[in-house]
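Trainee: Right, I'll just put the structure down here and ask away after.
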Amino acid sequence: MPRQERPGSDGEHLVQQRLGTTERADRFYGDQVLDHLNVRMQEFVARQEMFFLATADRHGECDSTFRAGPPGFVRVLDDRTLAYPEYRGNGVMASIGNISENPRLGILMIDFTRDRIGLHLNGRARVVMDEEMRAQYAGLPVDPVPGRRAQLWVTVEVEEAYIHCAKHIPHLQKVPAQQRGARAWGTDDVKRKGGDFFGAAAEASERPPFRRTERTNEHLRGGLHEDTGDAAYQGAAPVYGGDPAQVGMSRAARAEPACGAGPGASGRGDFVEELNAEFLDRVERVLARARPRRPAEDEAGFRGWFDRRDG
């Protein structure tokens, strides 16, 4: 992402303008958003034991998940590239499936125990077989735990890297290893995996087969539309003329079609011109009624979102 280009999506820029936060957002963009991993970010990534991963398919259908491993399981390959292993899981392969259609992903790493800080990473992913990865990077360790042996790797070309502030991150403490017991890496034991904790399997015989609702442009409207029942609006055209997989990406990401994008996908230069006028009108009316959030966290009586220890 060229430094002269303003980070973020067109949608967030519109909301900033309507809510009067553009100047504050620009300070954050200018001070905190990088297009690479600086030295301190690289050190932070290299010691993490977990992260949260967000992906979407070519329709914009989203998935969020959790990844964990021993310290260093996320490898910093250079200041613009990192890689993480895909271990044996439940066989669904939701994240890899999404990446195969839409290579954009978001990663959130949070250190709950030491620095109580987070790091956002957005970029473009590529799936690599384990043998190919090891042929290119000979120094990769071979984990002795079978459930932690990579089947695949995901390499990520970093386009945006920025801080997640500490003020709402709780300070947690690790339970000693002798109390938590051994982790069941790669197990197929249902009980060790959590069993039917939410009771979904128990309901299987009582519910109809799972059916995905018909895909529409609803995901393009987000939470800004008015639920008026307006028949004309229900059939409104998409707000982005290209492939829906590109909705919500950074401006830099829209410069080229996403993986799987059809011939109708267009570049970022056509984005504003292709916005649906009726949709924009409704967005502006909703935002006009909105009010900037009170800075409750700055008030003397505010006690924080969590009862945490800061020591």
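Order determines the names: the first chain of the structure tokens is A, the second B, and so forth; residues in each chain are numbered 1 upward, and ligands are numbered 1 upward as they are shown.
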Set the distance at 12 Å and use only C-alpha atoms: which residues neighbour Gln48 in chain A once local chain neighbours fewer than 2 positions away are removed? I'd like the list as a PyMOL selection string.

Mentor: chain A and resi 41-46+50-52+67-76+84+108-115+117-119

Trainee: Those residues with N, CA, C and O atoms, as a tab-separated table (two decimals), in the first residue's frame please?

Mentor:
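out16.tsv written:
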chain	number	residue	atom	x	y	z
A	41	MET	N	7.19	-5.05	15.64
A	41	MET	CA	6.08	-5.91	15.21
A	41	MET	C	6.57	-7.32	14.93
A	41	MET	O	5.91	-8.30	15.29
A	42	GLN	N	7.72	-7.43	14.29
A	42	GLN	CA	8.28	-8.75	13.99
A	42	GLN	C	8.57	-9.52	15.28
A	42	GLN	O	8.28	-10.73	15.38
A	43	GLU	N	9.11	-8.84	16.26
A	43	GLU	CA	9.39	-9.49	17.54
A	43	GLU	C	8.10	-9.92	18.22
A	43	GLU	O	8.03	-11.01	18.82
A	44	PHE	N	7.07	-9.09	18.13
A	44	PHE	CA	5.77	-9.40	18.73
A	44	PHE	C	5.17	-10.64	18.08
A	44	PHE	O	4.73	-11.58	18.75
A	45	VAL	N	5.15	-10.67	16.75
A	45	VAL	CA	4.58	-11.81	16.02
A	45	VAL	C	5.32	-13.10	16.37
A	45	VAL	O	4.71	-14.15	16.59
A	46	ALA	N	6.63	-13.04	16.44
A	46	ALA	CA	7.45	-14.23	16.62
A	46	ALA	C	7.24	-14.92	17.96
A	46	ALA	O	7.57	-16.11	18.09
A	50	MET	N	-1.07	-17.57	19.69
A	50	MET	CA	-2.43	-17.68	19.16
A	50	MET	C	-2.77	-16.41	18.38
A	50	MET	O	-2.13	-15.38	18.53
A	51	PHE	N	-3.77	-16.54	17.51
A	51	PHE	CA	-4.32	-15.36	16.84
A	51	PHE	C	-5.73	-15.68	16.35
A	51	PHE	O	-6.16	-16.84	16.31
A	52	PHE	N	-6.45	-14.63	15.99
A	52	PHE	CA	-7.79	-14.75	15.45
A	52	PHE	C	-7.73	-14.43	13.95
A	52	PHE	O	-7.06	-13.48	13.55
A	67	ARG	N	-6.51	-19.65	15.84
A	67	ARG	CA	-5.35	-20.48	15.56
A	67	ARG	C	-4.40	-20.41	16.75
A	67	ARG	O	-4.23	-19.35	17.36
A	68	ALA	N	-3.76	-21.54	17.07
A	68	ALA	CA	-2.84	-21.58	18.21
A	68	ALA	C	-1.71	-22.56	17.92
A	68	ALA	O	-1.84	-23.47	17.10
A	69	GLY	N	-0.61	-22.36	18.60
A	69	GLY	CA	0.55	-23.23	18.46
A	69	GLY	C	1.61	-22.80	19.44
A	69	GLY	O	1.41	-21.86	20.23
A	70	PRO	N	2.75	-23.46	19.44
A	70	PRO	CA	3.83	-23.07	20.34
A	70	PRO	C	4.39	-21.71	19.94
A	70	PRO	O	4.21	-21.28	18.79
A	71	PRO	N	5.04	-21.00	20.85
A	71	PRO	CA	5.64	-19.70	20.48
A	71	PRO	C	6.50	-19.84	19.23
A	71	PRO	O	7.30	-20.76	19.12
A	72	GLY	N	6.28	-18.95	18.28
A	72	GLY	CA	7.04	-19.01	17.03
A	72	GLY	C	6.35	-19.79	15.94
A	72	GLY	O	6.91	-19.94	14.85
A	73	PHE	N	5.13	-20.32	16.20
A	73	PHE	CA	4.47	-21.08	15.14
A	73	PHE	C	4.10	-20.19	13.96
A	73	PHE	O	3.97	-20.66	12.83
A	74	VAL	N	3.94	-18.88	14.19
A	74	VAL	CA	3.81	-17.93	13.10
A	74	VAL	C	5.21	-17.45	12.75
A	74	VAL	O	5.92	-16.92	13.60
A	75	ARG	N	5.63	-17.66	11.52
A	75	ARG	CA	6.99	-17.36	11.10
A	75	ARG	C	7.05	-16.03	10.36
A	75	ARG	O	6.28	-15.80	9.42
A	76	VAL	N	7.94	-15.16	10.77
A	76	VAL	CA	8.19	-13.91	10.04
A	76	VAL	C	9.25	-14.22	8.99
A	76	VAL	O	10.40	-14.52	9.33
A	84	TYR	N	1.96	-19.04	8.51
A	84	TYR	CA	1.51	-19.84	9.64
A	84	TYR	C	1.09	-21.22	9.13
A	84	TYR	O	0.64	-21.37	7.99
A	108	LEU	N	-5.80	-10.91	13.79
A	108	LEU	CA	-5.70	-10.13	15.02
A	108	LEU	C	-4.93	-10.95	16.05
A	108	LEU	O	-5.37	-12.03	16.45
A	109	MET	N	-3.78	-10.44	16.45
A	109	MET	CA	-2.98	-11.06	17.51
A	109	MET	C	-3.12	-10.23	18.77
A	109	MET	O	-2.94	-9.01	18.71
A	110	ILE	N	-3.44	-10.87	19.87
A	110	ILE	CA	-3.57	-10.16	21.15
A	110	ILE	C	-2.71	-10.85	22.19
A	110	ILE	O	-2.80	-12.07	22.39
A	111	ASP	N	-1.88	-10.07	22.85
A	111	ASP	CA	-1.08	-10.56	23.97
A	111	ASP	C	-1.83	-10.21	25.25
A	111	ASP	O	-1.85	-9.06	25.68
A	112	PHE	N	-2.49	-11.22	25.84
A	112	PHE	CA	-3.28	-11.01	27.05
A	112	PHE	C	-2.45	-11.08	28.32
A	112	PHE	O	-2.89	-10.63	29.37
A	113	THR	N	-1.25	-11.68	28.25
A	113	THR	CA	-0.53	-12.02	29.47
A	113	THR	C	0.70	-11.16	29.75
A	113	THR	O	1.07	-11.00	30.91
A	114	ARG	N	1.33	-10.63	28.74
A	114	ARG	CA	2.58	-9.91	28.95
A	114	ARG	C	2.43	-8.41	28.70
A	114	ARG	O	2.45	-7.61	29.62
A	115	ASP	N	2.23	-8.04	27.43
A	115	ASP	CA	2.19	-6.62	27.08
A	115	ASP	C	0.78	-6.05	27.04
A	115	ASP	O	0.60	-4.84	26.96
A	117	ILE	N	-1.54	-5.94	24.62
A	117	ILE	CA	-1.63	-5.10	23.42
A	117	ILE	C	-1.99	-6.01	22.25
A	117	ILE	O	-1.83	-7.23	22.33
A	118	GLY	N	-2.47	-5.43	21.18
A	118	GLY	CA	-2.84	-6.23	20.01
A	118	GLY	C	-2.23	-5.69	18.74
A	118	GLY	O	-1.80	-4.53	18.66
A	119	LEU	N	-2.20	-6.54	17.70
A	119	LEU	CA	-1.67	-6.17	16.40
A	119	LEU	C	-2.61	-6.68	15.32
A	119	LEU	O	-2.93	-7.87	15.27

Trainee: Could you pull the residues within 8 Å of range 22-31 of chain A, counting only C-alpha atoms, minus those fewer than 4 positions along the same chain, as a list in words?

Mentor: Arg6, Pro7, His13, Gln16 and Gln17 of chain A

Trainee: Could you work out how far CA of Leu53 in chain A lies from CA of Pro144 in chain A, giving the answer in Å with one decimal?

Mentor: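 Separation between CA of Pro144 in chain A and CA of Leu53 in chain A: 24.9 Å.
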
Trainee: Between CA of Ala125 in chain A and CA of Met93 in chain A, what is the spacing in Å?

Mentor: 15.0 Å

Trainee: Give the alpha helix (DSSP H) residues of range 35-120 of chain A, as DSSP finds them on the backbone, and put them as a PyMOL selection string.

Mentor: chain A and resi 39-46+94-101

Trainee: Measuring between only C-alpha atoms, which one of A:Asp79, A:Asp57, A:Glu12, A:Glu157 shows the shortest distance to Arg40 in chain A?

Mentor: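 Going through A:Asp79, A:Asp57, A:Glu12, A:Glu157 one by one, the smallest distance to Arg40 in chain A is for A:Asp79.
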
Trainee: Extract, using only C-alpha atoms, all DNA, RNA and protein residues at most 8 Å from Gly106 in chain A, discarding same-chain residues fewer than 3 positions from it, and format them as a PyMOL selection string.

Mentor: chain A and resi 53-55+120-123

Trainee: Please run DSSP on the backbone and report, as an MDAnalysis selection string, all residues within range 95-177 of chain A that come out as strand (DSSP E or B).

Mentor: chainID A and resid 104:111 117:129 152:164

Trainee: The selected residues should be written to file as a PDB file, in the first residue's frame (atoms: C-alpha atoms).

Mentor:
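That gives us part16.pdb:
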ATOM      1  CA  ARG A 104      -7.787 -11.405   1.400  1.00  0.00           C
ATOM      2  CA  LEU A 105      -7.649 -12.067   5.128  1.00  0.00           C
ATOM      3  CA  GLY A 106      -7.403 -10.288   8.451  1.00  0.00           C
ATOM      4  CA  ILE A 107      -5.391 -11.419  11.473  1.00  0.00           C
ATOM      5  CA  LEU A 108      -5.698 -10.128  15.021  1.00  0.00           C
ATOM      6  CA  MET A 109      -2.984 -11.062  17.508  1.00  0.00           C
ATOM      7  CA  ILE A 110      -3.570 -10.161  21.149  1.00  0.00           C
ATOM      8  CA  ASP A 111      -1.078 -10.560  23.971  1.00  0.00           C
ATOM      9  CA  ILE A 117      -1.626  -5.096  23.421  1.00  0.00           C
ATOM     10  CA  GLY A 118      -2.837  -6.230  20.013  1.00  0.00           C
ATOM     11  CA  LEU A 119      -1.670  -6.170  16.405  1.00  0.00           C
ATOM     12  CA  HIS A 120      -3.913  -6.093  13.326  1.00  0.00           C
ATOM     13  CA  LEU A 121      -2.563  -7.534  10.078  1.00  0.00           C
ATOM     14  CA  ASN A 122      -4.447  -7.338   6.774  1.00  0.00           C
ATOM     15  CA  GLY A 123      -3.153  -8.690   3.504  1.00  0.00           C
ATOM     16  CA  ARG A 124      -3.151 -11.216   0.691  1.00  0.00           C
ATOM     17  CA  ALA A 125      -2.730 -14.927   1.366  1.00  0.00           C
ATOM     18  CA  ARG A 126      -1.372 -17.881  -0.586  1.00  0.00           C
ATOM     19  CA  VAL A 127      -1.697 -21.557   0.353  1.00  0.00           C
ATOM     20  CA  VAL A 128       1.534 -23.586   0.145  1.00  0.00           C
ATOM     21  CA  MET A 129       2.052 -27.329   0.589  1.00  0.00           C
ATOM     22  CA  LEU A 152      -0.301 -26.787   4.662  1.00  0.00           C
ATOM     23  CA  TRP A 153       1.105 -23.315   5.183  1.00  0.00           C
ATOM     24  CA  VAL A 154      -0.514 -19.952   4.537  1.00  0.00           C
ATOM     25  CA  THR A 155       1.833 -17.150   3.557  1.00  0.00           C
ATOM     26  CA  VAL A 156       0.551 -13.617   4.024  1.00  0.00           C
ATOM     27  CA  GLU A 157       1.737 -10.560   2.130  1.00  0.00           C
ATOM     28  CA  VAL A 158       1.205  -7.783   4.670  1.00  0.00           C
ATOM     29  CA  GLU A 159      -0.574  -4.688   3.336  1.00  0.00           C
ATOM     30  CA  GLU A 160      -1.689  -3.081   6.602  1.00  0.00           C
ATOM     31  CA  ALA A 161      -0.240  -3.495  10.103  1.00  0.00           C
ATOM     32  CA  TYR A 162      -1.461  -1.459  13.053  1.00  0.00           C
ATOM     33  CA  ILE A 163      -1.951  -1.495  16.797  1.00  0.00           C
ATOM     34  CA  HIS A 164      -5.005  -2.651  18.742  1.00  0.00           C
TER      35      HIS A 164
END

Trainee: In Å, with one decimal, what is the gap from CA of Asn98 in chain A to CA of Gly60 in chain A?

Mentor: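 If I compute the distance from CA of Asn98 in chain A to CA of Gly60 in chain A, I get 9.5 Å.
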
Trainee: Considering only C-alpha atoms, can you say which of A:Ser95, A:Ser100, A:Thr65, A:Asn38 comes closest to Arg80 in chain A?

Mentor: A:Asn38
